[in-house]
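*Asks:* Just so it is clear, I am handing over run34.csv, which has CSV, C-alpha atoms (C1' of nucleotides).
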chain,number,residue,atom,x,y,z
A,1,MET,CA,267.6,205.6,77.7
A,2,SER,CA,265.1,208.3,78.3
A,3,LYS,CA,264.3,210.9,75.8
A,4,LYS,CA,264.2,213.8,78.2
A,5,THR,CA,262.7,216.8,76.4
A,6,ASN,CA,263.5,218.8,79.6
A,7,LYS,CA,260.7,221.1,78.9
A,8,PRO,CA,261.2,224.0,81.3
A,9,THR,CA,258.4,225.2,83.5
A,10,THR,CA,257.1,228.7,83.5
A,11,ALA,CA,259.4,229.9,86.3
A,12,GLU,CA,262.4,228.1,84.8
A,13,LEU,CA,261.7,229.7,81.4
A,14,GLU,CA,261.8,233.2,83.0
A,15,ILE,CA,265.2,232.4,84.4
A,16,LEU,CA,266.5,231.0,81.2
A,17,SER,CA,265.4,234.1,79.5
A,18,VAL,CA,267.7,236.2,81.7
A,19,LEU,CA,270.6,233.8,81.2
A,20,TRP,CA,270.2,233.8,77.4
A,21,GLU,CA,270.1,237.6,77.4
A,22,LYS,CA,273.2,238.0,79.6
A,23,ASP,CA,274.9,234.8,78.5
A,24,ALA,CA,275.9,234.2,82.1
A,25,ALA,CA,274.8,235.6,85.5
A,26,THR,CA,275.0,235.1,89.2
A,27,VAL,CA,272.0,234.4,91.4
A,28,ARG,CA,272.0,238.0,92.5
A,29,GLU,CA,271.9,239.3,88.9
A,30,VAL,CA,269.1,237.0,87.9
A,31,HIS,CA,267.2,237.9,91.0
A,32,GLU,CA,267.5,241.6,90.5
A,33,ILE,CA,266.1,241.4,87.0
A,34,LEU,CA,263.3,239.1,87.8
A,35,ASN,CA,262.4,240.9,91.0
A,36,ALA,CA,261.9,244.1,89.0
A,37,ALA,CA,259.2,242.5,87.0
A,38,LYS,CA,257.6,240.5,89.7
A,39,PRO,CA,258.5,240.5,93.4
A,40,THR,CA,260.4,237.4,94.4
A,41,THR,CA,263.0,236.4,97.0
A,42,TYR,CA,266.6,235.8,96.5
A,43,THR,CA,266.5,232.3,97.8
A,44,THR,CA,263.6,231.3,95.6
A,45,VAL,CA,265.7,232.2,92.5
A,46,LEU,CA,268.7,230.4,94.0
A,47,LYS,CA,266.6,227.3,94.6
A,48,PHE,CA,265.4,227.2,91.1
A,49,LEU,CA,268.9,227.5,89.7
A,50,GLN,CA,269.9,224.6,91.9
A,51,ILE,CA,267.0,222.5,90.7
A,52,MET,CA,267.8,223.5,87.1
A,53,ASP,CA,271.3,222.5,87.6
A,54,GLU,CA,270.2,219.1,88.7
A,55,LYS,CA,267.9,218.8,85.7
A,56,GLY,CA,270.7,219.8,83.5
A,57,LEU,CA,269.1,223.0,82.3
A,58,VAL,CA,271.9,225.1,83.4
A,59,GLU,CA,275.5,224.7,84.3
A,60,ARG,CA,277.5,226.6,86.9
A,61,ASP,CA,280.9,227.7,87.5
A,62,LYS,CA,281.8,227.5,91.2
A,63,GLN,CA,285.1,229.2,90.9
A,64,ALA,CA,284.2,232.6,92.2
A,65,LYS,CA,282.5,233.2,95.5
A,66,ALA,CA,279.3,233.8,93.7
A,67,HIS,CA,278.5,230.9,91.4
A,68,VAL,CA,278.0,231.9,87.8
A,69,TYR,CA,275.2,230.2,85.9
A,70,ARG,CA,274.7,229.7,82.2
A,71,ALA,CA,272.0,228.0,80.2
A,72,LYS,CA,273.1,224.6,79.1
A,73,GLN,CA,270.9,224.2,76.1
A,74,PRO,CA,271.1,227.0,73.4
A,75,GLN,CA,268.1,229.3,73.3
A,76,GLY,CA,267.2,228.2,69.8
A,77,GLU,CA,267.0,224.5,70.8
A,78,THR,CA,264.6,225.2,73.7
A,79,GLN,CA,262.5,227.5,71.5
A,80,LYS,CA,262.3,224.9,68.9
A,81,ASN,CA,261.0,222.4,71.4
A,82,LEU,CA,258.5,224.8,72.8
A,83,VAL,CA,257.2,225.6,69.4
A,84,ALA,CA,257.0,222.0,68.4
A,85,ASP,CA,255.1,221.3,71.6
A,86,LEU,CA,252.6,224.1,71.1
A,87,LEU,CA,252.2,223.2,67.4
A,88,GLU,CA,251.3,219.7,68.2
A,89,LYS,CA,249.2,220.2,71.4
A,90,ALA,CA,247.2,223.2,70.4
A,91,PHE,CA,247.3,223.4,66.6
A,92,ARG,CA,247.2,219.8,65.6
A,93,GLY,CA,250.3,220.5,63.5
A,94,SER,CA,249.0,223.4,61.5
A,95,ALA,CA,251.9,225.8,60.9
A,96,LEU,CA,249.6,228.0,59.0
A,97,LYS,CA,247.2,228.6,61.9
A,98,LEU,CA,250.1,229.2,64.3
A,99,VAL,CA,251.8,231.8,62.0
A,100,GLN,CA,248.4,233.4,61.5
A,101,HIS,CA,248.0,233.9,65.2
A,102,VAL,CA,251.5,235.3,65.6
A,103,LEU,CA,250.9,237.9,63.0
A,104,GLU,CA,247.6,238.8,64.6
A,105,THR,CA,249.0,239.0,68.0
A,106,LYS,CA,252.0,241.0,67.5
A,107,PRO,CA,252.2,244.1,65.4
A,108,THR,CA,255.2,243.3,63.2
A,109,SER,CA,257.5,245.9,61.6
A,110,ALA,CA,257.8,246.1,57.8
A,111,ALA,CA,261.4,245.0,58.1
A,112,GLU,CA,260.4,241.9,60.0
A,113,LEU,CA,257.6,241.1,57.6
A,114,ALA,CA,260.1,241.3,54.8
A,115,GLU,CA,262.4,238.9,56.6
A,116,ILE,CA,259.6,236.5,57.1
A,117,ARG,CA,258.7,236.7,53.5
A,118,GLN,CA,262.3,235.9,52.7
A,119,MET,CA,262.2,232.8,55.0
A,120,ILE,CA,259.1,231.6,53.2
A,121,THR,CA,260.8,231.9,49.8
A,122,GLU,CA,263.7,229.8,51.2
A,123,ALA,CA,261.3,227.2,52.6
A,124,GLU,CA,259.6,227.0,49.2
A,125,GLU,CA,262.9,226.5,47.4
A,126,LYS,CA,263.9,223.9,49.8
A,127,GLY,CA,260.6,222.1,49.4
A,128,ALA,CA,260.8,222.3,45.6
A,129,ASN,CA,263.9,220.3,44.9
A,130,LYS,CA,263.8,217.7,47.6
W,1,MET,CA,237.3,241.3,89.6
W,2,SER,CA,239.9,238.8,88.6
W,3,LYS,CA,241.2,238.8,85.1
W,4,LYS,CA,241.1,235.1,84.6
W,5,THR,CA,243.0,234.2,81.5
W,6,ASN,CA,241.9,230.6,82.1
W,7,LYS,CA,245.0,229.3,80.6
W,8,PRO,CA,244.5,225.6,80.2
W,9,THR,CA,247.0,223.1,81.6
W,10,THR,CA,248.7,220.6,79.4
W,11,ALA,CA,246.2,217.9,80.1
W,12,GLU,CA,243.3,220.3,79.6
W,13,LEU,CA,244.7,221.4,76.3
W,14,GLU,CA,244.8,217.8,75.1
W,15,ILE,CA,241.2,217.5,75.9
W,16,LEU,CA,240.2,220.8,74.3
W,17,SER,CA,242.0,219.6,71.2
W,18,VAL,CA,239.6,216.7,70.9
W,19,LEU,CA,236.6,218.8,71.6
W,20,TRP,CA,237.6,221.4,69.0
W,21,GLU,CA,238.1,218.7,66.5
W,22,LYS,CA,234.9,216.9,67.0
W,23,ASP,CA,232.9,220.0,68.1
W,24,ALA,CA,231.3,218.0,70.9
W,25,ALA,CA,232.0,214.7,72.5
W,26,THR,CA,231.1,212.4,75.4
W,27,VAL,CA,233.7,211.3,78.0
W,28,ARG,CA,233.9,208.0,76.4
W,29,GLU,CA,234.8,209.5,73.0
W,30,VAL,CA,237.4,211.8,74.5
W,31,HIS,CA,238.9,209.0,76.4
W,32,GLU,CA,239.2,206.7,73.5
W,33,ILE,CA,241.0,209.2,71.4
W,34,LEU,CA,243.4,210.3,74.2
W,35,ASN,CA,244.0,206.8,75.3
W,36,ALA,CA,245.1,205.8,71.8
W,37,ALA,CA,248.0,208.3,72.0
W,38,LYS,CA,248.9,207.9,75.7
W,39,PRO,CA,247.4,205.4,78.1
W,40,THR,CA,245.0,207.0,80.5
W,41,THR,CA,241.9,205.9,82.4
W,42,TYR,CA,238.3,206.8,81.8
W,43,THR,CA,237.8,208.4,85.2
W,44,THR,CA,240.8,210.6,84.8
W,45,VAL,CA,239.3,212.0,81.7
W,46,LEU,CA,236.0,212.4,83.4
W,47,LYS,CA,237.5,214.2,86.3
W,48,PHE,CA,239.2,216.6,84.0
W,49,LEU,CA,236.0,217.4,82.2
W,50,GLN,CA,234.3,218.0,85.5
W,51,ILE,CA,237.1,220.3,86.6
W,52,MET,CA,237.1,222.1,83.3
W,53,ASP,CA,233.4,222.5,83.6
W,54,GLU,CA,233.9,224.2,87.0
W,55,LYS,CA,236.5,226.5,85.5
W,56,GLY,CA,234.2,227.4,82.7
W,57,LEU,CA,236.5,225.9,80.0
W,58,VAL,CA,233.8,223.6,78.8
W,59,GLU,CA,230.1,223.3,79.0
W,60,ARG,CA,228.0,220.2,79.1
W,61,ASP,CA,224.7,219.0,78.0
W,62,LYS,CA,223.2,216.7,80.6
W,63,GLN,CA,220.2,215.7,78.6
W,64,ALA,CA,221.4,212.3,77.4
W,65,LYS,CA,222.6,209.6,79.7
W,66,ALA,CA,226.1,210.3,78.7
W,67,HIS,CA,226.8,214.0,79.1
W,68,VAL,CA,228.0,215.8,76.0
W,69,TYR,CA,230.9,218.2,76.4
W,70,ARG,CA,231.8,221.2,74.2
W,71,ALA,CA,234.6,223.7,74.5
W,72,LYS,CA,233.3,227.0,75.8
W,73,GLN,CA,235.9,229.3,74.5
W,74,PRO,CA,236.4,229.3,70.8
W,75,GLN,CA,239.6,227.5,69.6
W,76,GLY,CA,241.0,230.7,68.1
W,77,GLU,CA,240.7,232.6,71.4
W,78,THR,CA,242.6,230.0,73.3
W,79,GLN,CA,245.2,229.7,70.6
W,80,LYS,CA,245.7,233.4,70.6
W,81,ASN,CA,246.4,233.5,74.3
W,82,LEU,CA,248.8,230.6,74.1
W,83,VAL,CA,250.8,232.2,71.3
W,84,ALA,CA,250.9,235.5,73.0
W,85,ASP,CA,252.2,233.8,76.1
W,86,LEU,CA,254.9,231.9,74.3
W,87,LEU,CA,255.9,234.9,72.4
W,88,GLU,CA,256.4,236.9,75.5
W,89,LYS,CA,257.9,234.3,77.7
W,90,ALA,CA,260.2,232.6,75.3
W,91,PHE,CA,260.8,235.0,72.5
W,92,ARG,CA,260.9,238.3,74.1
W,93,GLY,CA,258.2,239.4,71.7
W,94,SER,CA,260.1,238.6,68.5
W,95,ALA,CA,257.5,237.4,66.0
W,96,LEU,CA,260.2,236.9,63.5
W,97,LYS,CA,262.0,234.3,65.6
W,98,LEU,CA,258.9,232.5,66.4
W,99,VAL,CA,257.8,232.2,62.8
W,100,GLN,CA,261.3,231.1,61.9
W,101,HIS,CA,261.1,228.2,64.3
W,102,VAL,CA,257.7,227.2,63.1
W,103,LEU,CA,258.9,227.0,59.5
W,104,GLU,CA,261.9,225.0,60.6
W,105,THR,CA,259.9,222.7,62.8
W,106,LYS,CA,257.2,221.7,60.5
W,107,PRO,CA,257.6,220.9,56.9
W,108,THR,CA,255.0,223.1,55.3
W,109,SER,CA,253.2,222.5,52.1
W,110,ALA,CA,253.6,224.8,49.1
W,111,ALA,CA,249.9,225.7,49.4
W,112,GLU,CA,250.3,226.7,53.1
W,113,LEU,CA,253.4,228.7,52.4
W,114,ALA,CA,251.5,230.6,49.7
W,115,GLU,CA,248.8,231.3,52.2
W,116,ILE,CA,251.2,232.6,54.7
W,117,ARG,CA,252.8,234.8,52.1
W,118,GLN,CA,249.4,236.2,51.5
W,119,MET,CA,248.9,236.9,55.2
W,120,ILE,CA,252.1,238.8,55.2
W,121,THR,CA,251.1,240.9,52.3
W,122,GLU,CA,247.9,241.8,54.2
W,123,ALA,CA,249.8,242.6,57.3
W,124,GLU,CA,252.1,244.9,55.3
W,125,GLU,CA,249.2,246.7,53.8
W,126,LYS,CA,247.5,247.1,57.1
W,127,GLY,CA,250.7,248.5,58.5
W,128,ALA,CA,251.3,250.9,55.6
W,129,ASN,CA,248.2,253.1,56.0
W,130,LYS,CA,247.8,253.2,59.7
E,1,DT,C1',212.7,192.2,88.1
E,2,DG,C1',217.4,190.9,88.6
E,3,DA,C1',221.8,190.9,86.6
E,4,DC,C1',224.8,193.5,83.9
E,5,DA,C1',226.8,197.3,81.6
E,6,DT,C1',227.7,202.2,81.5
E,7,DC,C1',227.8,206.5,83.6
E,8,DT,C1',228.6,210.4,87.0
E,9,DA,C1',230.2,212.1,91.6
E,10,DC,C1',233.7,212.7,94.6
E,11,DG,C1',237.4,212.1,97.8
E,12,DA,C1',241.9,211.7,98.1
E,13,DA,C1',246.6,210.2,97.0
E,14,DA,C1',250.5,211.1,94.1
E,15,DA,C1',253.3,214.1,91.5
E,16,DA,C1',255.0,218.3,90.0
E,17,DC,C1',255.8,223.1,90.7
E,18,DT,C1',256.6,227.2,93.6
E,19,DT,C1',258.0,229.6,97.6
E,20,DC,C1',260.5,230.6,101.6
E,21,DG,C1',262.8,230.2,106.3
E,22,DT,C1',266.8,228.9,108.6
E,23,DA,C1',271.4,227.1,109.0
E,24,DT,C1',275.9,227.6,107.7
E,25,DA,C1',280.2,228.7,105.1
E,26,DA,C1',283.4,232.1,103.7
E,27,DG,C1',285.2,236.5,102.1
E,28,DA,C1',285.6,241.6,103.6
E,29,DT,C1',286.2,245.1,107.1
E,30,DT,C1',287.7,247.4,111.1
V,1,DA,C1',290.1,237.9,115.7
V,2,DA,C1',285.5,239.5,116.0
V,3,DT,C1',281.9,241.2,113.2
V,4,DC,C1',279.4,242.2,109.2
V,5,DT,C1',278.0,241.0,104.7
V,6,DT,C1',277.0,238.0,101.0
V,7,DA,C1',276.8,233.4,99.5
V,8,DT,C1',275.1,228.5,99.2
V,9,DA,C1',272.6,224.4,101.0
V,10,DC,C1',268.6,222.3,102.0
V,11,DG,C1',264.3,221.0,104.2
V,12,DA,C1',259.8,221.6,104.1
V,13,DA,C1',255.4,223.9,103.5
V,14,DG,C1',252.1,225.6,100.2
V,15,DT,C1',249.9,225.2,95.6
V,16,DT,C1',248.5,223.3,91.5
V,17,DT,C1',248.1,219.6,88.5
V,18,DT,C1',247.4,214.8,87.6
V,19,DT,C1',245.7,210.2,88.5
V,20,DC,C1',242.8,206.8,90.1
V,21,DG,C1',239.7,204.0,93.2
V,22,DT,C1',235.2,203.4,95.0
V,23,DA,C1',230.4,204.4,95.6
V,24,DG,C1',226.2,205.0,93.8
V,25,DA,C1',222.8,206.2,90.0
V,26,DT,C1',220.6,204.9,85.8
V,27,DG,C1',219.6,202.5,81.6
V,28,DT,C1',219.3,197.8,79.2
V,29,DC,C1',217.6,193.4,78.4
V,30,DA,C1',216.8,188.6,78.9
Transcribe the structure of this file into structure tokens.

*Replies:*
Amino acid sequence: MSKKTNKPTTAELEILSVLWEKDAATVREVHEILNAAKPTTYTTVLKFLQIMDEKGLVERDKQAKAHVYRAKQPQGETQKNLVADLLEKAFRGSALKLVQHVLETKPTSAAELAEIRQMITEAEEKGANK
Amino acid sequence: MSKKTNKPTTAELEILSVLWEKDAATVREVHEILNAAKPTTYTTVLKFLQIMDEKGLVERDKQAKAHVYRAKQPQGETQKNLVADLLEKAFRGSALKLVQHVLETKPTSAAELAEIRQMITEAEEKGANK
DNA sequence: TGACATCTACGAAAAACTTCGTATAAGATT
DNA sequence: AATCTTATACGAAGTTTTTCGTAGATGTCA
């Protein structure tokens, strides 16, 4: 009974990004998008999708001539794992520090800041009556 | 002129964590701490520190019999890079989503939440008069 | 000083990750 | 049907990361 976290590698994450965005895609579609950002070959992308299929990171529909791939784990789940990992490995669990760096790193719109504020309020309420 | 981001690997990050925490440490000290969490050998840790020295991730004081290591780049700098990387690769730049996951992942104390709220206020002010 | 404990150096294997070439299958076209 | 185009399968090489064994240096102390 292995607790496979199935943490995607860098290359795998790039592919997952595309799949999440488009919900589903063929090798060709993924390759075109990835290739625009950073030159890569069709077969490399294909190989990754095959590997990811074996790992259970994606699932594929073999019906059509060109197989259609789809991320198996929802985006949020994977993101949660990545955040948890970073939090533990690089921040010794300090959410405060992590959030601080996020706000420094990325210029955030007023609307987003307001939303984050709202999230904090909710977290406070949740913590209050536990 | 290579723009070395010097992104530490997983194992390197674990070692850096210890060095940040203790400010400086010998191989033995690092090994003891790491080994408590996950079995590893002394020479493995030593090898990593030697590699990291070559890469410029750490510096060492050879004065004493047991060399003393220290992280070369400040913790904040490395953390900033890691956050920026995660933000781009897994969150398509959405600070909002990232923060949301942090708050979900880690039960955060009321004091910390208050501090985060304060940081948001500052960010809002900074954004207002730009 | 000799035996013992502790340390660094270093090569190299093992494992994980990435990339690509070639073979082959199958639908589309003329 | 023969040819062209577009797919998948898959082995294997190239890299990077991780792990560890062994050799040798140096300090300790009885």

*Asks:* Would you tabulate, counting all atoms listed in the file, all residues of chain W that have an atom at most 9 Å from an atom of chain V, showing the closest pair of atoms and their distance in Å to one decimal, sorted by chain then ascending number, as CSV?

*Replies:*
residue,atom,partner,partner_atom,distance
W:Thr9,CA,V:DT17,C1',7.8
W:Ala11,CA,V:DT18,C1',8.2
W:Thr40,CA,V:DT19,C1',8.6
W:Thr41,CA,V:DC20,C1',7.8
W:Thr43,CA,V:DC20,C1',7.2
W:Thr44,CA,V:DT19,C1',6.2
W:Lys65,CA,V:DG27,C1',7.9

*Asks:* Could the residues in this selection be saved with C-alpha atoms as a PDB file, in the frame of the given file?

*Replies:*
ATOM      1  CA  THR W   9     247.000 223.100  81.600  1.00  0.00           C
ATOM      2  CA  ALA W  11     246.200 217.900  80.100  1.00  0.00           C
ATOM      3  CA  THR W  40     245.000 207.000  80.500  1.00  0.00           C
ATOM      4  CA  THR W  41     241.900 205.900  82.400  1.00  0.00           C
ATOM      5  CA  THR W  43     237.800 208.400  85.200  1.00  0.00           C
ATOM      6  CA  THR W  44     240.800 210.600  84.800  1.00  0.00           C
ATOM      7  CA  LYS W  65     222.600 209.600  79.700  1.00  0.00           C
TER       8      LYS W  65
END

*Asks:* I need the contact residues of chain A against chain W, so if you could list those with any atom within 7 Å, counting only C-alpha atoms, and return them as a list in words, that would help.

*Replies:*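 So the contacting residues turn out to be Leu13, Glu14, Ser17, Gln79, Lys80, Val83, Ala84, Lys89, Ala90, Ala95, Leu96, Val99, His101, Val102, Thr105, Lys106, Thr108, Ala110, Glu112, Leu113, Ile116, Arg117, Ile120 and Glu124 of chain A.
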
*Asks:* If you keep C-alpha atoms, can you produce a file of those selected residues as a short mmCIF file (atom, residue, chain, number, x, y, z; two decimals), keeping the file's coordinate frame?

*Replies:*
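File produced: again-v7.cif:
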data_model
loop_
_atom_site.label_atom_id
_atom_site.label_comp_id
_atom_site.auth_asym_id
_atom_site.auth_seq_id
_atom_site.Cartn_x
_atom_site.Cartn_y
_atom_site.Cartn_z
CA LEU A 13 261.70 229.70 81.40
CA GLU A 14 261.80 233.20 83.00
CA SER A 17 265.40 234.10 79.50
CA GLN A 79 262.50 227.50 71.50
CA LYS A 80 262.30 224.90 68.90
CA VAL A 83 257.20 225.60 69.40
CA ALA A 84 257.00 222.00 68.40
CA LYS A 89 249.20 220.20 71.40
CA ALA A 90 247.20 223.20 70.40
CA ALA A 95 251.90 225.80 60.90
CA LEU A 96 249.60 228.00 59.00
CA VAL A 99 251.80 231.80 62.00
CA HIS A 101 248.00 233.90 65.20
CA VAL A 102 251.50 235.30 65.60
CA THR A 105 249.00 239.00 68.00
CA LYS A 106 252.00 241.00 67.50
CA THR A 108 255.20 243.30 63.20
CA ALA A 110 257.80 246.10 57.80
CA GLU A 112 260.40 241.90 60.00
CA LEU A 113 257.60 241.10 57.60
CA ILE A 116 259.60 236.50 57.10
CA ARG A 117 258.70 236.70 53.50
CA ILE A 120 259.10 231.60 53.20
CA GLU A 124 259.60 227.00 49.20
#

*Asks:* What are the closest atom pairs, with distances in Å to one decimal, for all residues of chain W lying within 10 Å of chain E? Consider all atoms listed in the file, order rows by chain and residue number, and present the result as CSV.

*Replies:*
residue,atom,partner,partner_atom,distance
W:Val27,CA,E:DC7,C1',9.4
W:Arg28,CA,E:DC7,C1',9.6
W:Thr43,CA,E:DT8,C1',9.6
W:Leu46,CA,E:DT8,C1',8.5
W:Lys47,CA,E:DC10,C1',9.3
W:Gln50,CA,E:DA9,C1',9.4
W:Lys65,CA,E:DC7,C1',7.2
W:Ala66,CA,E:DC7,C1',6.4
W:His67,CA,E:DC7,C1',8.8

*Asks:* Quick one: what's the axis-aligned box for region 7-22 of chain V, all listed atoms, 4 Å on every side, centre and edges in Å to one decimal, as lines of an AutoDock Vina configuration file?

*Replies:*
center_x = 256.0
center_y = 218.4
center_z = 95.9
size_x = 49.6
size_y = 38.0
size_z = 24.6

*Asks:* So what do you get for CA of Ala24 (chain W) versus CA of Lys38 (chain W), distance-wise?

*Replies:* 20.9 Å

*Asks:* CA of Ala71 (chain W) and CA of Val58 (chain W) are how many Å apart?

*Replies:*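 Interatomic distance here is 4.4 Å.
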
*Asks:* Interatomic distance between CA of Leu49 (chain W) and CA of Glu12 (chain A)?

*Replies:*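 That distance, rounded to one decimal, is 28.6 Å.
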
*Asks:* Using only C-alpha atoms (C1' of nucleotides), which protein or nucleic acid residues come within 12 Å of Glu59 (chain A)? Drop anything in the same chain fewer than 2 positions from it, and give the result as a PDB file with C-alpha atoms, in the frame of the given file.

*Replies:*
ATOM      1  CA  LEU A  16     266.500 231.000  81.200  1.00  0.00           C
ATOM      2  CA  LEU A  19     270.600 233.800  81.200  1.00  0.00           C
ATOM      3  CA  ASP A  23     274.900 234.800  78.500  1.00  0.00           C
ATOM      4  CA  ALA A  24     275.900 234.200  82.100  1.00  0.00           C
ATOM      5  CA  ALA A  25     274.800 235.600  85.500  1.00  0.00           C
ATOM      6  CA  THR A  26     275.000 235.100  89.200  1.00  0.00           C
ATOM      7  CA  LEU A  49     268.900 227.500  89.700  1.00  0.00           C
ATOM      8  CA  GLN A  50     269.900 224.600  91.900  1.00  0.00           C
ATOM      9  CA  ILE A  51     267.000 222.500  90.700  1.00  0.00           C
ATOM     10  CA  MET A  52     267.800 223.500  87.100  1.00  0.00           C
ATOM     11  CA  ASP A  53     271.300 222.500  87.600  1.00  0.00           C
ATOM     12  CA  GLU A  54     270.200 219.100  88.700  1.00  0.00           C
ATOM     13  CA  LYS A  55     267.900 218.800  85.700  1.00  0.00           C
ATOM     14  CA  GLY A  56     270.700 219.800  83.500  1.00  0.00           C
ATOM     15  CA  LEU A  57     269.100 223.000  82.300  1.00  0.00           C
ATOM     16  CA  ASP A  61     280.900 227.700  87.500  1.00  0.00           C
ATOM     17  CA  LYS A  62     281.800 227.500  91.200  1.00  0.00           C
ATOM     18  CA  HIS A  67     278.500 230.900  91.400  1.00  0.00           C
ATOM     19  CA  VAL A  68     278.000 231.900  87.800  1.00  0.00           C
ATOM     20  CA  TYR A  69     275.200 230.200  85.900  1.00  0.00           C
ATOM     21  CA  ARG A  70     274.700 229.700  82.200  1.00  0.00           C
ATOM     22  CA  ALA A  71     272.000 228.000  80.200  1.00  0.00           C
ATOM     23  CA  LYS A  72     273.100 224.600  79.100  1.00  0.00           C
ATOM     24  CA  GLN A  73     270.900 224.200  76.100  1.00  0.00           C
ATOM     25  CA  PRO A  74     271.100 227.000  73.400  1.00  0.00           C
TER      26      PRO A  74
END

*Asks:* Dump C-alpha atoms of region 58-90 of chain W from the given block, as a compact mmCIF listing (two decimals), in the first residue's frame.

*Replies:*
# COMPACT_ATOMS: atom_id res chain seq x y z
CA VAL W 58 27.21 27.01 0.35
CA GLU W 59 30.55 28.15 1.63
CA ARG W 60 32.74 26.38 4.09
CA ASP W 61 35.19 27.20 6.75
CA LYS W 62 38.05 24.73 6.70
CA GLN W 63 39.72 26.00 9.81
CA ALA W 64 38.54 23.42 12.24
CA LYS W 65 39.01 19.72 11.78
CA ALA W 66 35.38 19.38 10.84
CA HIS W 67 34.53 21.88 8.13
CA VAL W 68 31.72 24.24 8.93
CA TYR W 69 29.16 24.95 6.23
CA ARG W 70 26.90 27.90 5.76
CA ALA W 71 24.33 28.73 3.10
CA LYS W 72 25.74 31.27 0.70
CA GLN W 73 22.55 32.74 -0.66
CA PRO W 74 20.21 34.18 1.94
CA GLN W 75 17.15 32.10 2.68
CA GLY W 76 14.79 34.78 1.43
CA GLU W 77 16.42 34.93 -1.96
CA THR W 78 16.11 31.22 -2.56
CA GLN W 79 12.57 31.15 -1.27
CA LYS W 80 11.64 33.98 -3.58
CA ASN W 81 12.95 32.04 -6.57
CA LEU W 82 11.12 28.92 -5.57
CA VAL W 83 7.87 30.75 -5.12
CA ALA W 84 8.25 32.55 -8.43
CA ASP W 85 8.93 29.26 -10.12
CA LEU W 86 5.96 27.50 -8.60
CA LEU W 87 3.72 30.45 -9.31
CA GLU W 88 4.60 30.41 -12.97
CA LYS W 89 4.77 26.68 -13.57
CA ALA W 90 1.79 25.49 -11.62
